[in-house]
>>> print(open('structure-v9.cif').read())   # mmCIF, C-alpha atoms
data_my_file
loop_
_atom_site.group_PDB
_atom_site.id
_atom_site.type_symbol
_atom_site.label_atom_id
_atom_site.label_comp_id
_atom_site.auth_asym_id
_atom_site.auth_seq_id
_atom_site.Cartn_x
_atom_site.Cartn_y
_atom_site.Cartn_z
ATOM 1 C CA MET A 1 -1.973 -34.568 -46.900
ATOM 2 C CA SER A 2 -1.648 -37.251 -49.504
ATOM 3 C CA ALA A 3 1.270 -39.596 -50.016
ATOM 4 C CA LEU A 4 3.383 -39.757 -53.158
ATOM 5 C CA LYS A 5 1.373 -40.482 -56.266
ATOM 6 C CA PHE A 6 2.514 -42.596 -59.183
ATOM 7 C CA CYS A 7 1.483 -42.739 -62.828
ATOM 8 C CA ARG A 8 -0.929 -45.544 -63.765
ATOM 9 C CA GLU A 9 0.604 -45.755 -67.236
ATOM 10 C CA CYS A 10 4.381 -45.802 -66.633
ATOM 11 C CA ASN A 11 4.786 -45.950 -62.807
ATOM 12 C CA ASN A 12 6.806 -42.713 -62.604
ATOM 13 C CA MET A 13 6.077 -40.168 -59.905
ATOM 14 C CA LEU A 14 3.279 -37.634 -60.488
ATOM 15 C CA TYR A 15 4.015 -33.968 -59.802
ATOM 16 C CA PRO A 16 1.533 -31.259 -58.812
ATOM 17 C CA ARG A 17 0.571 -28.858 -61.590
ATOM 18 C CA GLU A 18 -2.120 -26.233 -62.043
ATOM 19 C CA ASP A 19 -4.577 -26.355 -64.925
ATOM 20 C CA LYS A 20 -4.762 -22.617 -65.610
ATOM 21 C CA GLU A 21 -7.937 -22.827 -67.680
ATOM 22 C CA THR A 22 -10.044 -24.640 -65.085
ATOM 23 C CA ARG A 23 -8.013 -23.389 -62.084
ATOM 24 C CA THR A 24 -7.727 -26.887 -60.621
ATOM 25 C CA LEU A 25 -4.825 -28.792 -59.132
ATOM 26 C CA LEU A 26 -3.634 -31.763 -61.161
ATOM 27 C CA TYR A 27 -1.024 -34.445 -60.690
ATOM 28 C CA ALA A 28 0.819 -34.967 -63.971
ATOM 29 C CA CYS A 29 3.453 -37.393 -65.178
ATOM 30 C CA GLN A 30 6.566 -35.811 -66.664
ATOM 31 C CA TYR A 31 7.202 -38.762 -68.997
ATOM 32 C CA CYS A 32 3.830 -39.578 -70.507
ATOM 33 C CA GLU A 33 0.602 -37.620 -70.981
ATOM 34 C CA HIS A 34 -1.163 -39.072 -67.923
ATOM 35 C CA GLN A 35 -2.679 -36.600 -65.445
ATOM 36 C CA GLU A 36 -5.346 -36.797 -62.762
ATOM 37 C CA VAL A 37 -7.300 -34.271 -60.721
ATOM 38 C CA ALA A 38 -6.044 -33.923 -57.150
ATOM 39 C CA SER A 39 -8.464 -35.085 -54.480
ATOM 40 C CA ASP A 40 -6.851 -32.774 -51.898
ATOM 41 C CA THR A 41 -5.459 -29.281 -52.485
ATOM 42 C CA CYS A 42 -2.722 -29.697 -49.877
ATOM 43 C CA VAL A 43 0.545 -30.386 -51.709
ATOM 44 C CA TYR A 44 2.991 -30.135 -48.800
ATOM 45 C CA LYS A 45 2.622 -29.838 -45.042
ATOM 46 C CA ARG A 46 5.465 -29.375 -42.562
ATOM 47 C CA VAL A 47 4.849 -30.275 -38.944
ATOM 48 C CA LEU A 48 7.279 -28.950 -36.356
ATOM 49 C CA ARG A 49 7.409 -30.683 -33.008
ATOM 50 C CA LYS A 50 8.834 -28.987 -29.971
ATOM 51 C CA PRO A 51 8.855 -29.544 -26.231
ATOM 52 C CA LEU A 52 5.837 -28.082 -24.445
ATOM 53 C CA GLY A 53 6.333 -24.737 -22.775
ATOM 54 C CA GLU A 54 9.080 -23.637 -25.148
ATOM 55 C CA PRO A 55 8.656 -20.695 -27.565
ATOM 56 C CA LYS A 56 7.673 -21.784 -31.078
ATOM 57 C CA ASP A 57 10.728 -20.559 -32.943
ATOM 58 C CA VAL A 58 13.553 -21.734 -30.687
ATOM 59 C CA LEU A 59 15.866 -23.824 -32.829
ATOM 60 C CA LYS A 60 19.144 -25.541 -32.066
ATOM 61 C CA ASP A 61 21.177 -23.081 -34.158
ATOM 62 C CA VAL A 62 19.715 -19.992 -32.455
ATOM 63 C CA ALA A 63 22.881 -19.806 -30.308
ATOM 64 C CA ALA A 64 24.759 -18.743 -33.452
ATOM 65 C CA ASP A 65 22.563 -15.606 -33.706
ATOM 66 C CA PRO A 66 24.938 -12.661 -33.095
ATOM 67 C CA SER A 67 22.070 -10.394 -32.035
ATOM 68 C CA LEU A 68 21.267 -12.461 -28.908
ATOM 69 C CA PRO A 69 22.997 -11.495 -25.663
ATOM 70 C CA ARG A 70 25.408 -14.004 -24.151
ATOM 71 C CA THR A 71 26.476 -14.787 -20.622
ATOM 72 C CA ARG A 72 29.303 -16.672 -18.938
ATOM 73 C CA SER A 73 27.560 -16.711 -15.557
ATOM 74 C CA VAL A 74 25.791 -20.030 -16.247
ATOM 75 C CA ARG A 75 27.094 -23.406 -17.423
ATOM 76 C CA CYS A 76 25.286 -25.852 -19.688
ATOM 77 C CA TYR A 77 23.771 -28.733 -17.715
ATOM 78 C CA SER A 78 24.427 -31.104 -20.588
ATOM 79 C CA CYS A 79 28.044 -30.420 -21.672
ATOM 80 C CA ASN A 80 29.329 -27.967 -18.999
ATOM 81 C CA HIS A 81 30.124 -25.321 -21.658
ATOM 82 C CA PRO A 82 30.746 -21.932 -19.971
ATOM 83 C CA GLU A 83 28.760 -19.737 -22.398
ATOM 84 C CA ALA A 84 25.052 -19.505 -23.210
ATOM 85 C CA ALA A 85 22.867 -17.194 -25.289
ATOM 86 C CA PHE A 86 19.671 -16.048 -23.615
ATOM 87 C CA PHE A 87 16.366 -14.270 -24.276
ATOM 88 C CA GLN A 88 13.029 -13.644 -22.588
ATOM 89 C CA ALA A 89 9.660 -14.760 -23.905
ATOM 90 C CA PRO A 90 6.171 -15.156 -22.462
ATOM 91 C CA THR A 91 5.300 -18.670 -21.333
ATOM 92 C CA LYS A 92 1.964 -20.090 -22.406
ATOM 93 C CA GLY A 93 -0.561 -19.872 -19.600
ATOM 94 C CA GLU A 94 1.563 -17.502 -17.519
ATOM 95 C CA GLN A 95 1.620 -13.727 -17.459
ATOM 96 C CA ALA A 96 5.288 -13.378 -16.490
ATOM 97 C CA MET A 97 8.238 -13.591 -18.855
ATOM 98 C CA THR A 98 10.512 -16.632 -18.785
ATOM 99 C CA LEU A 99 14.281 -16.497 -19.281
ATOM 100 C CA TYR A 100 15.498 -19.077 -21.824
ATOM 101 C CA PHE A 101 19.128 -20.182 -22.247
ATOM 102 C CA ILE A 102 20.724 -21.939 -25.240
ATOM 103 C CA CYS A 103 24.166 -23.536 -24.971
ATOM 104 C CA CYS A 104 26.682 -21.870 -27.319
ATOM 105 C CA ASN A 105 28.600 -25.116 -27.854
ATOM 106 C CA PRO A 106 27.815 -25.929 -31.538
ATOM 107 C CA SER A 107 27.848 -29.668 -30.892
ATOM 108 C CA CYS A 108 25.418 -29.385 -27.943
ATOM 109 C CA GLY A 109 22.665 -26.776 -28.407
ATOM 110 C CA HIS A 110 20.976 -27.756 -25.119
ATOM 111 C CA ARG A 111 18.080 -25.449 -24.121
ATOM 112 C CA TRP A 112 16.791 -24.728 -20.646
ATOM 113 C CA ARG A 113 14.837 -22.063 -18.819
ATOM 114 C CA ASP A 114 15.394 -20.240 -15.578
#
>>> encode(input="structure-v9.cif", output="structure tokens")
Amino acid sequence: MSALKFCRECNNMLYPREDKETRTLLYACQYCEHQEVASDTCVYKRVLRKPLGEPKDVLKDVAADPSLPRTRSVRCYSCNHPEAAFFQAPTKGEQAMTLYFICCNPSCGHRWRD
């Protein structure tokens, strides 16, 4: 992915734009007529980092999901909150399912597995 690009003529930021006739990606200035052909077709890339062994789409706000079951039989190790949402998911490299817990305290969001 490339960094921000700036106009050689007026130093304003260049924005991605498609040339519909040639079907190529261009970077064009919104203030002057300057434009240049993009060297890379990737305009934006988002990289998510997560702890190893955790399902890909577990986010901090997943505890607010009303469709997840909740339990009061466990306490959060981080804040001692008495309620946690939970779900099962396969763990990478294992055949069994793993039980994941997410603290329901909105200011905590700690995640752990059983």
>>> residues_around(input="structure-v9.cif", residues="Tyr15 (chain A)", least_positions_apart="3", cutoff="8 Å", atoms="all atoms listed in the file", output="PyMOL selection string")
chain A and resi 5+27-30
>>> axis_aligned_box(input="structure-v9.cif", around="region 61-80 of chain A", padding_each_side="6 Å", output="AutoDock Vina command-line options")
--center_x 24.5 --center_y -20.7 --center_z -24.9 --size_x 21.6 --size_y 32.7 --size_z 30.6
>>> closest_residue(input="structure-v9.cif", among="A:Glu33, A:Glu9, A:Glu83, A:Glu21", to="Pro69 (chain A)", atoms="only C-alpha atoms")
A:Glu83
>>> resolve_selection(input="structure-v9.cif", expression="the PyMOL selection byres ((chain A and resi 82) around 12)", output="list in words")
Arg70, Thr71, Arg72, Ser73, Val74, Arg75, Cys76, Tyr77, Ser78, Cys79, Asn80, His81, Glu83, Ala84, Ala85, Phe101, Ile102, Cys103, Cys104 and Asn105 of chain A
>>> atom_distance(input="structure-v9.cif", atom1="CA of Lys92 (chain A)", atom2="CA of Cys108 (chain A)")
25.8 Å
>>> atom_distance(input="structure-v9.cif", atom1="CA of Leu4 (chain A)", atom2="CA of Thr22 (chain A)")
23.5 Å
>>> closest_residue(input="structure-v9.cif", among="A:Cys7, A:Gln95, A:Ser107, A:Leu14", to="Ala63 (chain A)", atoms="all atoms listed in the file")
A:Ser107
>>> residues_around(input="structure-v9.cif", residues="Asp19 (chain A)", least_positions_apart="5", cutoff="12 Å", atoms="only C-alpha atoms", output="PyMOL selection string")
chain A and resi 24-28+35-38
>>> atom_distance(input="structure-v9.cif", atom1="CA of Val62 (chain A)", atom2="CA of Ala96 (chain A)")
22.5 Å
>>> closest_residue(input="structure-v9.cif", among="A:Thr98, A:Cys10, A:Arg111, A:Ala3", to="Ser39 (chain A)", atoms="all atoms listed in the file")
A:Ala3
>>> closest_residue(input="structure-v9.cif", among="A:Phe86, A:Tyr31, A:Tyr100, A:Tyr44", to="Arg113 (chain A)", atoms="all atoms listed in the file")
A:Tyr100
